[in-house]
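**Q** Pasting a structure below so you can have a look.
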Amino acid sequence: MCAAQDLDLYEVLGASPSDSVQQLRHRYQQLALQYHPDRLGGGSSETESAVRKFLEVDAAWKILGDQNSRRLYDLQRRAQELKQDRPVDSTVSLEDMTWDGGEGVFSHTCRCGGQFSISEEEVDEEVQRTRQDEEEERGVLVCCDTCSLSVLVSWSSGWTAQVLK
Ligand SMILES: [Zn+2]
């Protein structure tokens, strides 16, 4: 949901967290060979994505190939999974958010100090959409621009962007 979500390093290697370091090394060597920039001609967008993939694979192996950094990563990964069980930090009413007329966005400060922000257009779109279906819960999930938390921004049924004008 949140774009800032980190890549799963095991997924990058096509491996599983229970794999031994030998298995991980084997996966890494296969992928590194497959995507190695030296094997590809220059210039095309295909090369670019292969280079990106190669760098991902390389970075994943640097962490997972070392016993200590792998253990640390496993802990972080576990914590991340736990957080995903309840990704919504809280519900914020649109009326309680800070309206910036210049930017056309509503914002709310996250407890990490980052910002949750949603544009007037996004809200308007959602208001139009949910107006047709009274049963549907009104709200949009908004991600923090700094951490992985998100809030559900909601509004009352009578809310309309016109009140801002
Ligand atoms: Zn945050």
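Order determines the names: the first chain of the structure tokens is A, the second B, and so forth; residues in each chain are numbered 1 upward, and ligands are numbered 1 upward as they are shown.
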Please identify the residues whose atoms come within 6 Å of ligand 1, using only C-alpha atoms and all ligand atoms, and report them as a list in words.
**A**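 Checking only C-alpha atoms and all ligand atoms against ligand 1 at 6 Å gives Cys110, Arg111, Cys112, Gly114, Cys144, Thr146, Cys147 and Leu149 of chain A.
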**Q** With DSSP run on the backbone, what are the alpha helix (DSSP H) residues within stretch 18-159 of chain A? I'd like them as a ChimeraX atom specification.
**A** /A:21-35,45-64,67-84,120-131
**Q** For A:Leu64, work out the shell of residues within 8 Å, counting only C-alpha atoms and skipping chain neighbours fewer than 3 positions away, then give it as a PDB file with C-alpha atoms, in the first residue's frame.
**A**
```
ATOM      1  CA  LEU A   9      15.553  -9.096   0.473  1.00  0.00           C
ATOM      2  CA  VAL A  21      23.527 -19.342   3.658  1.00  0.00           C
ATOM      3  CA  LEU A  24      21.321 -18.038  -0.554  1.00  0.00           C
ATOM      4  CA  ALA A  60      20.458  -8.175  -0.726  1.00  0.00           C
ATOM      5  CA  TRP A  61      23.376 -10.586  -0.719  1.00  0.00           C
ATOM      6  CA  GLN A  67      25.590 -13.830   9.602  1.00  0.00           C
ATOM      7  CA  SER A  69      23.649  -8.424   9.365  1.00  0.00           C
ATOM      8  CA  ARG A  70      21.300 -11.231   8.338  1.00  0.00           C
ATOM      9  CA  TYR A  73      17.649  -7.955   9.087  1.00  0.00           C
TER      10      TYR A  73
END
```
**Q** Quick one: residues within 12 Å of A:Asp38, only C-alpha atoms, excluding same-chain residues fewer than 3 positions away - as a PyMOL selection string?
**A** chain A and resi 32-35+41-42+47+50-51+54
**Q** Write a file of the just-selected residues containing C-alpha atoms, as a PDB file, in the first residue's frame.
**A**
```pdb
ATOM      1  CA  ALA A  32      24.237 -11.984 -10.391  1.00  0.00           C
ATOM      2  CA  LEU A  33      25.328 -13.925 -13.461  1.00  0.00           C
ATOM      3  CA  GLN A  34      21.948 -13.451 -15.099  1.00  0.00           C
ATOM      4  CA  TYR A  35      21.804  -9.700 -14.546  1.00  0.00           C
ATOM      5  CA  GLY A  41      24.825  -4.362 -24.370  1.00  0.00           C
ATOM      6  CA  GLY A  42      24.593  -0.699 -23.346  1.00  0.00           C
ATOM      7  CA  THR A  47      19.828  -2.911 -19.690  1.00  0.00           C
ATOM      8  CA  ALA A  50      18.866  -5.385 -15.486  1.00  0.00           C
ATOM      9  CA  VAL A  51      21.392  -3.086 -13.820  1.00  0.00           C
ATOM     10  CA  PHE A  54      21.702  -6.536 -10.330  1.00  0.00           C
TER      11      PHE A  54
END
```
**Q** Select, from A:Gln80, A:Gln30, A:Ser45, A:Gln128, the residue with the minimum atom-to-atom distance to A:Asp58, counting only C-alpha atoms.
**A**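 Closest candidate: A:Gln30.
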**Q** Leaving out A:Ser119 and any residue of its chain fewer than 4 positions from it, which residues lie within 9 Å of it when counting only C-alpha atoms, given as number ranges by chain?
**A** A: 103-107, 123-124
**Q** Export C-alpha atoms of the chosen residues as a compact mmCIF listing (two decimals), in the first residue's frame?
**A**
```
# COMPACT_ATOMS: atom_id res chain seq x y z
CA GLU A 103 -1.12 23.80 -2.09
CA GLY A 104 -4.63 22.40 -2.16
CA VAL A 105 -3.79 19.70 0.36
CA PHE A 106 -4.96 18.57 3.74
CA SER A 107 -2.19 17.53 6.07
CA VAL A 123 -10.75 13.71 -1.49
CA ASP A 124 -13.18 15.06 -4.04
```
**Q** Can you tell me which residues surround A:Ala15 at a distance of at most 10 Å, considering only C-alpha atoms, apart from same-chain residues fewer than 6 positions away, and format the answer as a PyMOL selection string?
**A** chain A and resi 9+23-28
**Q** Let's have the selection written as a compact mmCIF listing (two decimals), in the first residue's frame, with N, CA and C atoms.
**A**
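Result file result-v9.txt:
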```txt
# COMPACT_ATOMS: atom_id res chain seq x y z
N LEU A 9 14.27 -8.64 1.03
CA LEU A 9 15.55 -9.10 0.47
C LEU A 9 15.53 -10.56 0.08
N GLN A 23 22.49 -21.96 0.33
CA GLN A 23 21.41 -21.83 -0.65
C GLN A 23 21.27 -20.39 -1.14
N LEU A 24 21.41 -19.45 -0.18
CA LEU A 24 21.32 -18.04 -0.55
C LEU A 24 22.46 -17.65 -1.50
N ARG A 25 23.65 -18.17 -1.20
CA ARG A 25 24.79 -17.84 -2.05
C ARG A 25 24.57 -18.37 -3.47
N HIS A 26 24.02 -19.55 -3.53
CA HIS A 26 23.75 -20.17 -4.82
C HIS A 26 22.76 -19.31 -5.63
N ARG A 27 21.69 -18.85 -4.96
CA ARG A 27 20.70 -17.99 -5.62
C ARG A 27 21.36 -16.69 -6.09
N TYR A 28 22.17 -16.13 -5.20
CA TYR A 28 22.84 -14.88 -5.53
C TYR A 28 23.72 -15.03 -6.76
```
**Q** Which residues come within 12 Å of A:Met97, counting only C-alpha atoms, excluding same-chain residues fewer than 6 positions away, as a list of chain:residue names?
**A** A:Thr91, A:Val105, A:Phe106, A:Ser107, A:His108, A:Thr109, A:Cys110, A:Gln115, A:Phe116, A:Ser117, A:Ile118, A:Ser119, A:Glu120, A:Val151, A:Leu152, A:Val153, A:Ser154, A:Trp155
**Q** For C-alpha atoms, I'd like the residues from the last selection saved as a tab-separated table (two decimals), in the first residue's frame.
**A**
```
chain	number	residue	atom	x	y	z
A	91	THR	CA	-8.45	7.53	12.03
A	105	VAL	CA	-3.79	19.70	0.36
A	106	PHE	CA	-4.96	18.57	3.74
A	107	SER	CA	-2.19	17.53	6.07
A	108	HIS	CA	-1.79	15.95	9.45
A	109	THR	CA	1.41	15.49	11.44
A	110	CYS	CA	2.46	11.91	12.10
A	115	GLN	CA	3.29	14.34	7.28
A	116	PHE	CA	0.19	12.60	6.08
A	117	SER	CA	-1.17	14.58	3.19
A	118	ILE	CA	-4.02	14.20	0.77
A	119	SER	CA	-4.94	16.53	-2.03
A	120	GLU	CA	-8.30	18.17	-2.47
A	151	VAL	CA	-4.03	6.76	8.85
A	152	LEU	CA	-7.55	6.42	7.64
A	153	VAL	CA	-8.80	9.85	6.71
A	154	SER	CA	-12.56	10.04	7.01
A	155	TRP	CA	-15.24	12.68	6.64
```
**Q** To one decimal place in Å, what is the distance between atom CA of A:Gly14 and atom CA of A:Leu72?
**A**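 Those two atoms sit 19.6 Å apart.
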**Q** Using DSSP on the backbone coordinates, identify the residues of stretch 7-165 of chain A assigned to strand (DSSP E or B); present them as a ChimeraX atom specification.
**A** /A:88-93,98-100,105-109,115-119,140-144,150-154
**Q** With C-alpha atoms retained, write the just-selected residues as a PDB file, in the first residue's frame.
**A**
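The resulting file, result_27.pdb, is shown below:
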```
ATOM      1  CA  VAL A  88      -3.582   1.826  10.259  1.00  0.00           C
ATOM      2  CA  ASP A  89      -2.297   3.982  13.070  1.00  0.00           C
ATOM      3  CA  SER A  90      -5.514   5.855  13.653  1.00  0.00           C
ATOM      4  CA  THR A  91      -8.453   7.527  12.029  1.00  0.00           C
ATOM      5  CA  VAL A  92      -8.332  11.221  11.341  1.00  0.00           C
ATOM      6  CA  SER A  93     -11.288  13.312  10.445  1.00  0.00           C
ATOM      7  CA  THR A  98      -4.775  21.279   8.390  1.00  0.00           C
ATOM      8  CA  TRP A  99      -6.002  22.775   5.152  1.00  0.00           C
ATOM      9  CA  ASP A 100      -3.440  24.441   2.956  1.00  0.00           C
ATOM     10  CA  VAL A 105      -3.790  19.695   0.359  1.00  0.00           C
ATOM     11  CA  PHE A 106      -4.963  18.567   3.741  1.00  0.00           C
ATOM     12  CA  SER A 107      -2.189  17.527   6.066  1.00  0.00           C
ATOM     13  CA  HIS A 108      -1.786  15.947   9.448  1.00  0.00           C
ATOM     14  CA  THR A 109       1.410  15.488  11.441  1.00  0.00           C
ATOM     15  CA  GLN A 115       3.287  14.336   7.284  1.00  0.00           C
ATOM     16  CA  PHE A 116       0.187  12.595   6.080  1.00  0.00           C
ATOM     17  CA  SER A 117      -1.169  14.581   3.189  1.00  0.00           C
ATOM     18  CA  ILE A 118      -4.021  14.205   0.770  1.00  0.00           C
ATOM     19  CA  SER A 119      -4.940  16.532  -2.030  1.00  0.00           C
ATOM     20  CA  VAL A 140      -8.933   7.055   2.303  1.00  0.00           C
ATOM     21  CA  LEU A 141      -5.831   5.381   3.593  1.00  0.00           C
ATOM     22  CA  VAL A 142      -2.961   7.860   3.601  1.00  0.00           C
ATOM     23  CA  CYS A 143       0.674   6.928   4.123  1.00  0.00           C
ATOM     24  CA  CYS A 144       3.134   8.946   6.150  1.00  0.00           C
ATOM     25  CA  SER A 150      -0.808   5.160   7.695  1.00  0.00           C
ATOM     26  CA  VAL A 151      -4.032   6.757   8.855  1.00  0.00           C
ATOM     27  CA  LEU A 152      -7.554   6.418   7.636  1.00  0.00           C
ATOM     28  CA  VAL A 153      -8.801   9.855   6.713  1.00  0.00           C
ATOM     29  CA  SER A 154     -12.563  10.038   7.013  1.00  0.00           C
TER      30      SER A 154
END
```
**Q** Which is closer to A:Ser156 than all the others in A:Thr130, A:Gln29, A:Ser44, A:Asn68, using only C-alpha atoms?
**A** A:Thr130
